[in-house]
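Peer 1: Encoded as structure tokens, here's the structure I'll be asking about.
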Amino acid sequence: MTTGRDEKFMRVALNEAKKALGQTSPNPAVGAILVIDNRIAAKGHHRRPGGDHAEIACLRDFSARVPARATLYVTLEPCSTAGRTAACTDAIIQARLKNVVVGATDVNPRHTGKGIMQLRNAGIKVREGVLADDCARLNEAFNKWIVTRRPFVIAKCGMSLDSRLTRPASEPRWITDPSARRHARHLRAQVDAILVGAETVRVDNPRLTVRDVRQVRQPWRIVLTRSGKLPRRVHLFSDRFASRTLIYRGESLATVLNNLGKRGITSLLIEGGGEVLGQALDARLIDKVQLYLGPILSGGSVIAFPGRGAKNTANAMRLRCVSYRRIGQSVCITGYPETLAPK
């Protein structure tokens, strides 16, 4: 039975897990805390692939014999098999813990429920499903990739109130204000790859780098092109991250996603332009949208999601779990498609 106490401490474990966003792929971001006498005695999170898992990091942070009255809170079901690290269930059992509270269960069909079963078979009391939705959403990209082997796709753009992506060529290209752009760049720090079309490279010469965020790895930069004719002196091919730029020529977006999934890329941020965003919408390849609306009306021909469009309103992509957040003078809208056609 879930209690207010369990939810309180699981939120602390979630905040610990969020420290790992963008750092652990292709592993999930996980946080753990050790609670003794209603006080947090230790914390830990998974910092990098191949490094200690959250449970191990937490127990090492405590660095003493765990008393029987202690409770371990972990945002994801402890792993039950050895891989690059030993099984976390073995470490929990060896620590002689008597109580474990789990957020989300492992979605991998080969592992689902096995870690919880091992702990219970060892005589450990396990409460599961505490803030399960929040814990699962934290690893929405990993969860999709581990089941489908295709990356979780986020469609992101900054656009005017009339859904245009650019101002006239003679004016600054920014539609949203600096605070909204800074917020959007933080999203880059949480994904494995960023994708743009060839025209965006030619016109905007983007860097697609992570800025304003410390100690994060640079995501892969993906370019889609039909002709292969791309300027070689642009930032993507000449800066210090040039080796992390991939070009796909004449490939469909679905094919590119399959290839990226095989490379271990679990999350992909589509940043434009309109043609690529339209392709993703038409093919129902979007898992999440994150749109920034600037307070202007610009008109013009560069539409955010052109494509073929839905045949009728009933076939339009509808969003669930929609949120609206004001950032400076812009509004950030996020949401998830209600239903997706088979991919």
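Identifiers in the structure tokens: chain A, B, ... in order shown; residue index from 1 per chain; ligand index from 1 in order shown.
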Could you pull out the alpha helix (DSSP H) residues of segment 120-163 of chain A from DSSP and send them as number ranges by chain?

Peer 2: A: 120-121, 132-138, 140-148

Peer 1: Sorted by chain and rising residue number, which residues of segment 255-318 of chain A lie within 12 Å of segment 217-230 of chain A, and what are their closest atom pairs and distances in Å to one decimal, counting only C-alpha atoms, as JSON lines?

Peer 2:
{"residue": "A:Thr255", "atom": "CA", "partner": "A:Leu224", "partner_atom": "CA", "distance": 11.3}
{"residue": "A:Val256", "atom": "CA", "partner": "A:Leu224", "partner_atom": "CA", "distance": 8.8}
{"residue": "A:Leu257", "atom": "CA", "partner": "A:Ile222", "partner_atom": "CA", "distance": 10.7}
{"residue": "A:Asn259", "atom": "CA", "partner": "A:Ile222", "partner_atom": "CA", "distance": 11.6}
{"residue": "A:Leu260", "atom": "CA", "partner": "A:Ile222", "partner_atom": "CA", "distance": 9.6}
{"residue": "A:Arg263", "atom": "CA", "partner": "A:Trp220", "partner_atom": "CA", "distance": 10.8}
{"residue": "A:Gly264", "atom": "CA", "partner": "A:Trp220", "partner_atom": "CA", "distance": 11.3}
{"residue": "A:Ile265", "atom": "CA", "partner": "A:Trp220", "partner_atom": "CA", "distance": 8.8}
{"residue": "A:Thr266", "atom": "CA", "partner": "A:Pro219", "partner_atom": "CA", "distance": 11.2}
{"residue": "A:Ser267", "atom": "CA", "partner": "A:Pro219", "partner_atom": "CA", "distance": 9.8}
{"residue": "A:Leu268", "atom": "CA", "partner": "A:Trp220", "partner_atom": "CA", "distance": 9.1}
{"residue": "A:Leu269", "atom": "CA", "partner": "A:Arg221", "partner_atom": "CA", "distance": 9.6}
{"residue": "A:Ile270", "atom": "CA", "partner": "A:Ile222", "partner_atom": "CA", "distance": 9.2}
{"residue": "A:Glu271", "atom": "CA", "partner": "A:Ile222", "partner_atom": "CA", "distance": 10.3}
{"residue": "A:Gly272", "atom": "CA", "partner": "A:Val223", "partner_atom": "CA", "distance": 10.1}
{"residue": "A:Gly273", "atom": "CA", "partner": "A:Leu224", "partner_atom": "CA", "distance": 10.4}
{"residue": "A:Glu275", "atom": "CA", "partner": "A:Leu224", "partner_atom": "CA", "distance": 10.4}
{"residue": "A:Val276", "atom": "CA", "partner": "A:Leu224", "partner_atom": "CA", "distance": 8.2}
{"residue": "A:Leu277", "atom": "CA", "partner": "A:Leu224", "partner_atom": "CA", "distance": 11.7}
{"residue": "A:Gln279", "atom": "CA", "partner": "A:Leu224", "partner_atom": "CA", "distance": 11.5}

Peer 1: Go through segment 151-196 of chain A and collect every residue that DSSP, computed from the backbone, puts in strand (DSSP E or B); the answer should be as a list in words.

Peer 2: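 Going through segment 151-196 of chain A, the strand (DSSP E or B) residues come out as Phe152, Val153, Ile154, Ala155, Lys156, Cys157, Gly158, Met159, Arg164, Ala193, Ile194, Leu195 and Val196 of chain A.
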
Peer 1: Tell me, as an NGL selection string, which residues lie within 9 Å of Asn99 of chain A, counting only C-alpha atoms; anything in the same chain fewer than 4 positions away does not count.

Peer 2: :A and (68-73 or 124-127)

Peer 1: Which of these, A:Asp52, A:Gln118, A:His111, A:Val216, has the shortest distance to Lys19 of chain A once you count only C-alpha atoms?

Peer 2: A:Val216

Peer 1: For each of A:Lys156, A:Lys144, A:Arg207, A:His235, take the minimum atom-to-atom distance to His183 of chain A, counting only C-alpha atoms, then give the residue where this is smallest.

Peer 2: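 Distance minimum relative to His183 of chain A lands on A:Lys156.
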
Peer 1: For each of A:Val74, A:Ile296, A:Ala64, A:Val12, take the minimum atom-to-atom distance to Ala32 of chain A, counting only C-alpha atoms, then give the residue where this is smallest.

Peer 2: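 Going through A:Val74, A:Ile296, A:Ala64, A:Val12 one by one, the smallest distance to Ala32 of chain A is for A:Val74.
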
Peer 1: Between A:Val201, A:Asp37, A:Ala91, A:Val210, which is the closest to Phe241 of chain A once you count only C-alpha atoms?

Peer 2: A:Val210

Peer 1: Quote the spacing between atom CA of Ile175 of chain A and atom CA of Leu293 of chain A in Å to one decimal place.

Peer 2: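 So the two atoms, atom CA of Ile175 of chain A and atom CA of Leu293 of chain A, lie 8.0 Å apart.
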
Peer 1: Mind pulling up the distance from atom CA of Arg110 of chain A to atom CA of Arg84 of chain A?

Peer 2: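 The value is 16.8 Å.
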
Peer 1: Pick out the closest residue to Pro306 of chain A from this set: A:Leu187, A:Leu165, A:Leu253, A:Ala95. Count only C-alpha atoms.

Peer 2: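 That would be A:Leu165, the residue with the smallest distance to Pro306 of chain A.
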
Peer 1: Name all residues at most 10 Å from Arg11 of chain A (count only C-alpha atoms; drop same-chain ones fewer than 2 positions away) and give them as a PyMOL selection string.

Peer 2: chain A and resi 6-9+13-17+31+73+75+103+130-131+134-135

Peer 1: Write to file, as a CSV table (one decimal), in the first residue's frame, the residues of the selection just made, with C-alpha atoms.

Peer 2:
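Final output, saved to out-v2.csv:
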chain,number,residue,atom,x,y,z
A,6,ASP,CA,6.6,6.7,0.3
A,7,GLU,CA,5.6,9.3,-2.2
A,8,LYS,CA,7.6,12.0,-0.3
A,9,PHE,CA,10.8,10.0,-0.4
A,13,ALA,CA,14.8,9.7,-5.5
A,14,LEU,CA,13.3,11.2,-8.7
A,15,ASN,CA,15.1,14.4,-8.2
A,16,GLU,CA,18.3,12.4,-7.7
A,17,ALA,CA,17.6,10.5,-11.0
A,31,GLY,CA,18.0,7.5,-8.6
A,73,TYR,CA,13.8,3.9,-2.4
A,75,THR,CA,12.9,4.9,-9.1
A,103,GLY,CA,8.8,3.3,-8.6
A,130,VAL,CA,5.0,4.3,-6.1
A,131,LEU,CA,4.8,7.4,-8.4
A,134,ASP,CA,6.4,9.9,-12.9
A,135,CYS,CA,9.2,7.4,-12.7

Peer 1: Would you please work out which residue, of A:Val147, A:Val203, A:Leu195, A:Leu285, is nearest to Arg244 of chain A when using only C-alpha atoms?

Peer 2: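 Nearest candidate to Arg244 of chain A out of A:Val147, A:Val203, A:Leu195, A:Leu285: A:Leu195.
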